[in-house]
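Structure file my_file08.csv with CSV, C-alpha atoms:
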```
chain,number,residue,atom,x,y,z
A,1,MET,CA,140.2,151.8,102.8
A,2,SER,CA,142.6,149.7,104.8
A,3,THR,CA,143.1,146.0,104.1
A,4,THR,CA,141.6,145.1,107.5
A,5,VAL,CA,138.4,147.0,106.8
A,6,ARG,CA,138.2,145.4,103.3
A,7,TYR,CA,138.4,141.9,104.8
A,8,VAL,CA,135.8,142.7,107.5
A,9,LEU,CA,133.4,144.0,104.9
A,10,LEU,CA,133.9,140.9,102.6
A,11,SER,CA,133.4,138.6,105.6
A,12,ILE,CA,130.1,140.4,106.5
A,13,VAL,CA,128.9,140.2,102.9
A,14,GLY,CA,129.9,136.5,102.6
A,15,THR,CA,128.1,135.7,105.9
A,16,ALA,CA,125.0,137.5,104.7
A,17,MET,CA,125.0,135.7,101.4
A,18,ALA,CA,125.3,132.3,103.1
A,19,ALA,CA,122.5,133.2,105.5
A,20,ILE,CA,120.3,134.1,102.5
A,21,LEU,CA,121.1,130.8,100.7
A,22,ILE,CA,120.3,128.8,103.9
A,23,VAL,CA,117.0,130.6,104.4
A,24,THR,CA,116.1,130.1,100.8
A,25,TYR,CA,117.0,126.4,100.9
A,26,PHE,CA,114.9,125.7,104.0
A,27,ALA,CA,112.0,127.8,102.6
A,28,GLY,CA,112.2,125.7,99.5
A,29,GLU,CA,112.3,122.5,101.5
A,30,ARG,CA,109.3,123.6,103.5
A,31,ALA,CA,107.4,124.4,100.3
A,32,TRP,CA,108.3,121.1,98.8
A,33,ARG,CA,107.2,119.2,101.9
A,34,ASP,CA,103.8,120.9,101.6
A,35,VAL,CA,103.2,119.8,97.9
A,36,VAL,CA,100.4,117.3,97.7
A,37,CYS,CA,100.4,114.7,94.8
A,38,GLN,CA,97.4,115.6,92.7
A,39,ASP,CA,97.6,113.2,89.8
A,40,MET,CA,99.7,110.6,87.9
A,41,LYS,CA,101.0,111.3,84.4
A,42,LEU,CA,101.8,108.2,82.3
A,43,GLU,CA,104.2,108.1,79.4
A,44,ILE,CA,104.4,104.9,77.3
A,45,SER,CA,107.3,104.0,75.1
A,46,SER,CA,105.9,101.8,72.3
A,47,GLU,CA,107.2,101.1,68.8
A,48,ASP,CA,103.7,100.1,67.6
A,49,ASP,CA,100.0,100.9,68.2
A,50,ASN,CA,99.5,98.3,70.9
A,51,ILE,CA,98.7,99.9,74.2
A,52,PHE,CA,98.7,97.3,77.0
A,53,VAL,CA,99.3,99.6,80.0
A,54,TRP,CA,96.6,102.0,81.2
A,55,LYS,CA,96.8,104.7,83.8
A,56,GLU,CA,93.8,103.3,85.8
A,57,ASP,CA,95.4,99.8,86.0
A,58,LEU,CA,98.8,101.2,87.2
A,59,GLY,CA,97.0,103.4,89.7
A,60,GLU,CA,95.3,100.4,91.2
A,61,ILE,CA,98.6,98.4,91.3
A,62,ILE,CA,100.4,101.2,93.0
A,63,GLU,CA,97.7,101.7,95.6
A,64,ASN,CA,97.5,98.0,96.4
A,65,THR,CA,101.2,97.7,96.7
A,66,CYS,CA,102.5,101.0,98.0
A,67,GLY,CA,99.3,102.7,99.4
A,68,ALA,CA,97.5,105.8,98.3
A,69,PHE,CA,99.5,108.4,96.4
A,70,THR,CA,97.0,111.1,95.4
A,71,GLY,CA,96.3,113.4,98.2
A,72,GLU,CA,99.6,112.4,99.9
A,73,HIS,CA,102.6,114.7,100.3
A,74,SER,CA,104.8,114.2,97.2
A,75,PHE,CA,107.9,114.4,99.4
A,76,THR,CA,107.0,111.2,101.1
A,77,LEU,CA,106.4,109.1,97.9
A,78,ASP,CA,109.0,106.3,97.4
A,79,THR,CA,109.6,106.3,93.7
A,80,TYR,CA,111.8,103.2,93.8
A,81,GLN,CA,109.0,101.2,95.5
A,82,ILE,CA,106.5,102.6,92.9
A,83,GLU,CA,108.8,101.5,90.0
A,84,GLN,CA,109.0,98.0,91.4
A,85,ALA,CA,105.2,97.9,91.8
A,86,VAL,CA,104.6,99.1,88.2
A,87,LYS,CA,107.0,96.4,86.9
A,88,THR,CA,104.7,93.7,88.3
A,89,HIS,CA,102.2,94.5,85.4
A,90,SER,CA,102.5,91.6,83.1
A,91,ALA,CA,103.1,93.8,80.0
A,92,VAL,CA,105.7,96.1,81.5
A,93,LYS,CA,109.3,95.6,80.5
A,94,ASP,CA,110.8,98.5,82.4
A,95,ALA,CA,109.6,101.6,84.3
A,96,GLN,CA,110.8,104.8,85.8
A,97,ALA,CA,109.0,107.0,88.3
A,98,TRP,CA,109.7,110.6,89.5
A,99,LYS,CA,107.8,113.4,91.1
A,100,THR,CA,107.7,117.1,90.3
A,101,LYS,CA,106.9,120.1,92.4
A,102,ASP,CA,103.7,120.8,90.6
A,103,GLY,CA,102.1,117.8,92.4
A,104,GLU,CA,102.4,115.2,89.7
A,105,LEU,CA,103.7,111.7,89.9
A,106,HIS,CA,105.3,110.8,86.6
A,107,ILE,CA,105.7,107.2,85.3
A,108,SER,CA,107.5,106.3,82.1
A,109,VAL,CA,106.8,102.7,81.0
A,110,GLU,CA,108.5,100.6,78.3
A,111,GLN,CA,106.0,97.9,77.2
A,112,LYS,CA,106.9,94.3,76.2
A,113,LYS,CA,106.7,93.9,72.5
A,114,PRO,CA,105.0,90.7,71.2
A,115,VAL,CA,106.1,89.2,67.9
A,116,LEU,CA,104.0,86.0,68.1
A,117,ARG,CA,100.9,84.7,69.8
A,118,PHE,CA,100.3,81.1,71.0
A,119,GLN,CA,96.7,80.0,71.5
A,120,SER,CA,95.3,76.7,72.8
A,121,HIS,CA,91.7,75.9,73.6
A,122,LYS,CA,92.5,76.8,77.3
A,123,TYR,CA,94.8,79.8,77.3
A,124,GLY,CA,96.9,82.1,75.1
A,125,PHE,CA,100.0,84.2,75.5
A,126,TYR,CA,102.5,86.3,73.6
A,127,ALA,CA,106.2,85.7,72.9
A,128,GLN,CA,108.9,88.3,72.7
A,129,LYS,CA,111.9,88.2,70.3
A,130,ASP,CA,114.1,86.9,73.1
A,131,GLY,CA,111.9,83.9,73.7
A,132,SER,CA,110.2,85.2,76.9
A,133,LEU,CA,106.5,85.0,77.3
A,134,PHE,CA,103.7,87.1,78.8
A,135,PRO,CA,100.0,86.8,79.1
A,136,LEU,CA,97.3,88.1,76.7
A,137,GLN,CA,96.0,91.5,77.8
A,138,GLU,CA,92.4,92.2,78.5
A,139,ARG,CA,92.2,95.7,77.0
A,140,GLN,CA,93.9,95.1,73.6
A,141,SER,CA,95.0,92.3,71.3
A,142,ALA,CA,98.2,92.6,69.3
A,143,ASP,CA,98.0,92.0,65.5
A,144,VAL,CA,100.8,89.4,65.4
A,145,PRO,CA,101.2,85.9,63.7
A,146,LEU,CA,99.4,83.0,65.5
A,147,ILE,CA,100.4,79.5,66.3
A,148,GLU,CA,97.5,77.3,67.6
A,149,GLY,CA,97.4,73.9,69.3
A,150,GLU,CA,99.2,72.5,72.3
A,151,PHE,CA,102.6,73.4,73.5
A,152,PRO,CA,105.5,71.7,75.3
A,153,PHE,CA,105.4,73.6,78.5
A,154,GLY,CA,104.8,72.7,82.1
A,155,ILE,CA,103.0,74.8,84.7
A,156,VAL,CA,100.8,77.5,83.5
A,157,ARG,CA,99.9,80.4,85.9
A,158,ASP,CA,97.6,83.3,85.0
A,159,GLY,CA,97.3,82.1,81.4
A,160,CYS,CA,101.0,81.9,80.8
A,161,PRO,CA,103.7,79.2,81.1
A,162,ASP,CA,105.9,79.7,84.1
A,163,ASP,CA,109.7,79.3,84.6
A,164,LEU,CA,110.7,78.2,81.1
A,165,THR,CA,113.7,75.9,80.9
A,166,SER,CA,116.5,76.8,78.4
A,167,GLU,CA,115.2,74.1,76.1
A,168,GLN,CA,111.6,75.5,76.2
A,169,LYS,CA,112.9,79.0,75.5
A,170,GLN,CA,114.9,77.7,72.6
A,171,TRP,CA,111.7,76.1,71.2
A,172,VAL,CA,109.9,79.4,71.4
A,173,LYS,CA,112.7,81.1,69.5
A,174,GLU,CA,112.5,78.4,66.8
A,175,ALA,CA,108.8,78.9,66.6
A,176,ILE,CA,109.4,82.6,66.1
A,177,ALA,CA,112.0,81.9,63.4
A,178,LEU,CA,109.5,79.7,61.5
A,179,SER,CA,106.8,82.3,61.7
A,180,GLU,CA,109.1,85.1,60.6
A,181,TYR,CA,110.3,82.9,57.7
A,182,ILE,CA,106.8,82.6,56.4
A,183,GLN,CA,105.9,86.3,57.0
A,184,ASN,CA,109.0,87.5,55.2
A,185,ASP,CA,108.3,85.4,52.1
A,186,PRO,CA,105.4,86.7,50.0
A,187,VAL,CA,104.7,83.3,48.4
A,188,TRP,CA,104.6,81.3,51.6
A,189,LYS,CA,102.8,84.1,53.4
A,190,SER,CA,100.0,83.9,50.8
A,191,ARG,CA,99.9,80.1,50.9
A,192,ILE,CA,100.2,79.2,54.6
A,193,SER,CA,96.9,79.6,56.4
A,194,GLN,CA,97.8,78.0,59.8
A,195,ILE,CA,100.7,76.9,61.9
A,196,HIS,CA,99.7,74.1,64.4
A,197,SER,CA,101.7,72.7,67.2
A,198,ASP,CA,101.1,69.3,68.9
A,199,LYS,CA,101.9,68.6,72.6
A,200,ASN,CA,105.4,67.6,71.7
A,201,GLY,CA,106.2,70.8,70.0
A,202,SER,CA,106.1,69.4,66.5
A,203,PHE,CA,104.7,71.8,63.8
A,204,ILE,CA,102.1,71.1,61.2
A,205,LEU,CA,101.4,73.6,58.3
A,206,SER,CA,98.1,74.0,56.5
A,207,GLN,CA,97.7,75.8,53.2
A,208,ARG,CA,94.8,77.7,51.7
A,209,ASP,CA,92.7,75.8,49.3
A,210,ARG,CA,94.5,72.5,50.0
A,211,LYS,CA,93.5,69.7,52.3
A,212,GLU,CA,96.9,68.2,53.1
A,213,ASN,CA,98.6,68.6,56.4
A,214,PHE,CA,102.3,69.3,56.0
A,215,ILE,CA,104.3,67.7,58.8
A,216,PHE,CA,107.1,70.1,59.5
A,217,GLY,CA,108.4,68.7,62.7
A,218,ALA,CA,110.9,70.9,64.7
A,219,ALA,CA,111.4,74.4,63.5
A,220,ARG,CA,114.9,73.7,62.2
A,221,GLU,CA,116.4,73.4,58.8
A,222,ILE,CA,113.5,75.7,57.8
A,223,PRO,CA,114.7,76.7,54.3
A,224,GLN,CA,115.4,73.1,53.4
A,225,LYS,CA,111.9,71.9,54.4
A,226,PHE,CA,110.3,74.7,52.4
A,227,LYS,CA,112.3,73.6,49.4
A,228,ARG,CA,110.8,70.1,49.9
A,229,LEU,CA,107.3,71.7,50.1
A,230,GLU,CA,108.0,73.6,46.9
A,231,LEU,CA,109.1,70.4,45.3
A,232,TYR,CA,105.8,68.8,46.3
A,233,HIS,CA,103.9,71.6,44.7
A,234,LYS,CA,105.9,71.4,41.4
A,235,SER,CA,105.7,67.6,41.1
A,236,VAL,CA,103.3,65.5,43.3
A,237,GLY,CA,100.8,68.3,43.9
A,238,LYS,CA,100.3,68.9,40.2
A,239,SER,CA,99.8,65.2,39.5
A,240,GLY,CA,96.2,65.2,40.7
A,241,ALA,CA,97.0,62.6,43.5
A,242,SER,CA,95.1,63.1,46.7
A,243,TYR,CA,97.0,62.9,50.1
A,244,SER,CA,96.0,63.7,53.6
A,245,GLU,CA,99.6,64.1,55.0
A,246,VAL,CA,102.9,65.2,53.5
A,247,ASP,CA,106.0,64.7,55.7
A,248,LEU,CA,108.7,67.2,55.1
A,249,ARG,CA,111.1,66.1,57.9
A,250,PHE,CA,113.5,63.8,55.9
A,251,ASP,CA,116.3,64.9,53.7
A,252,LYS,CA,115.8,64.4,50.0
A,253,MET,CA,112.5,62.7,50.6
A,254,LEU,CA,108.8,63.4,50.6
A,255,ILE,CA,106.5,60.9,52.4
A,256,CYS,CA,102.9,61.2,51.3
A,257,ARG,CA,100.1,59.5,53.0
A,258,LYS,CA,96.6,58.9,51.8
```
Show how you would write the structure in this file as structure tokens.
Amino acid sequence: MSTTVRYVLLSIVGTAMAAILIVTYFAGERAWRDVVCQDMKLEISSEDDNIFVWKEDLGEIIENTCGAFTGEHSFTLDTYQIEQAVKTHSAVKDAQAWKTKDGELHISVEQKKPVLRFQSHKYGFYAQKDGSLFPLQERQSADVPLIEGEFPFGIVRDGCPDDLTSEQKQWVKEAIALSEYIQNDPVWKSRISQIHSDKNGSFILSQRDRKENFIFGAAREIPQKFKRLELYHKSVGKSGASYSEVDLRFDKMLICRK
């Protein structure tokens, strides 16, 4: 076989292969464009048993924001727009959306993780480790430590303080530190029954089987203040004297009030 004939045959084969690939591609594209979204599959990334995000709720959010998705051609669904809609859920930290050729819309959600709950007589909300807040959820409550009372925040929208200043976020982080200190110490965890906050953000501790209110103040110098509280138990508390308040805020000093 001459070189010229060989090149002609190779050219014909190459052209045929290219034509087959092009036909296959467009056939696949036509098939993909004909796929109709049948359902949504939700995957939740959570480190605990709290499930705040539900398929029905996300479906409603998506339809209200992006329009109907079931029964629509999968090819036309805008997954970026769907992701942004899902992120408007108050308990969603991050979300990814994609579609598959079996007609399913897939959504993977990372939930916000509460470490502390704040509760007033009007509203309640959760705090995350970084000091950010999000509202309580209707479907489930998280089993996390609680601080009750009033809080040094401004505008509250939808049951949650809005647009925290850096000082307010720092206060939340300090409140978390106080709660964690108690939770991580078996003695104080067994003794402390309540953490209360006043409108200025000053903390008051209550203990089981004792009537004193322990004025803690700001959630700073936490170990030192608990040393003063321990001193009260070892000395004044065993003396039989009765007090209504014990102030722990001052260095090397316990102020007891009847």
Ile107 in chain A surroundings by only C-alpha atoms, 6 Å radius, close-in-sequence under 3 positions cut, as a PyMOL selection string: chain A and resi 42+96-97
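Picture a line from CA of Phe151 in chain A to CA of Pro114 in chain A; it runs 17.6 Å.
Taking only C-alpha atoms into account, Val115 in chain A lies nearest to A:Gln128 out of the set A:Gln224, A:Gln84, A:Gln207, A:Gln128.
For the choices A:Ser108, A:Thr100, A:Gln81, A:Thr65, the atom-to-atom distance to Val53 in chain A is smallest for A:Ser108 when using all atoms listed in the file.
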Atom pair CA of Gly217 in chain A / CA of Asp247 in chain A: separation (Å): 8.4 Å
Which of A:Arg191, A:His106, A:Arg228, A:Lys173 sits closest to Arg249 in chain A [using only C-alpha atoms]: A:Arg228
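Residue neighbourhood of Thr76 in chain A, excluding near-sequence residues (fewer than 4 positions): Trp32, Arg33, Asp34, Val35, Val36, Cys37, Cys66, Gly67, Ala68, Phe69, Thr70, Gly71, Glu72, Tyr80, Gln81, Ile82, Trp98, Lys99, Gly103 and Leu105 of chain A, at 12 Å, using all atoms listed in the file.
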If we count only C-alpha atoms, what is near Phe216 in chain A at a cut-off of 7 Å, once residues fewer than 2 positions away on the same chain are taken out, given as a compact mmCIF listing (two decimals) with C-alpha atoms, in the frame of the given file?
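Just written: selection14.txt:
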```txt
# COMPACT_ATOMS: atom_id res chain seq x y z
CA PHE A 203 104.70 71.80 63.80
CA ILE A 204 102.10 71.10 61.20
CA LEU A 205 101.40 73.60 58.30
CA PHE A 214 102.30 69.30 56.00
CA ALA A 218 110.90 70.90 64.70
CA ASP A 247 106.00 64.70 55.70
CA LEU A 248 108.70 67.20 55.10
CA ARG A 249 111.10 66.10 57.90
```
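In this model, the gap between CA of Ser132 in chain A and CA of Val172 in chain A comes to 8.0 Å.
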Long-range neighbours of Asn64 in chain A as a PyMOL selection string, 12 Å cut-off, only C-alpha atoms, 6 positions minimum in chain: chain A and resi 57-58+81-82+85-86+88
Spatial neighbours of Phe52 in chain A, 9 Å, all atoms listed in the file, chain gap at least 4 places, as an NGL selection string: :A and (91-92 or 111-112 or 137-141)
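Minimum distance to Tyr232 in chain A across A:Asp158, A:Asp143, A:Glu245, A:Glu63 (counting all atoms listed in the file) occurs at A:Glu245.
Nearest to Arg117 in chain A of all the residues A:Lys55, A:His196, A:Lys227, A:Lys258 is A:His196, counting all atoms listed in the file.
In this comparison, which uses only C-alpha atoms, the residue of A:Asn213, A:Gly124, A:Ile44, A:Glu230 approaching Lys93 in chain A most closely is A:Ile44.
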Protein and nucleic acid residues near (99.2, 68.5, 72.4) (cut-off 6 Å, all atoms listed in the file) as a PyMOL selection string: chain A and resi 150+198-199
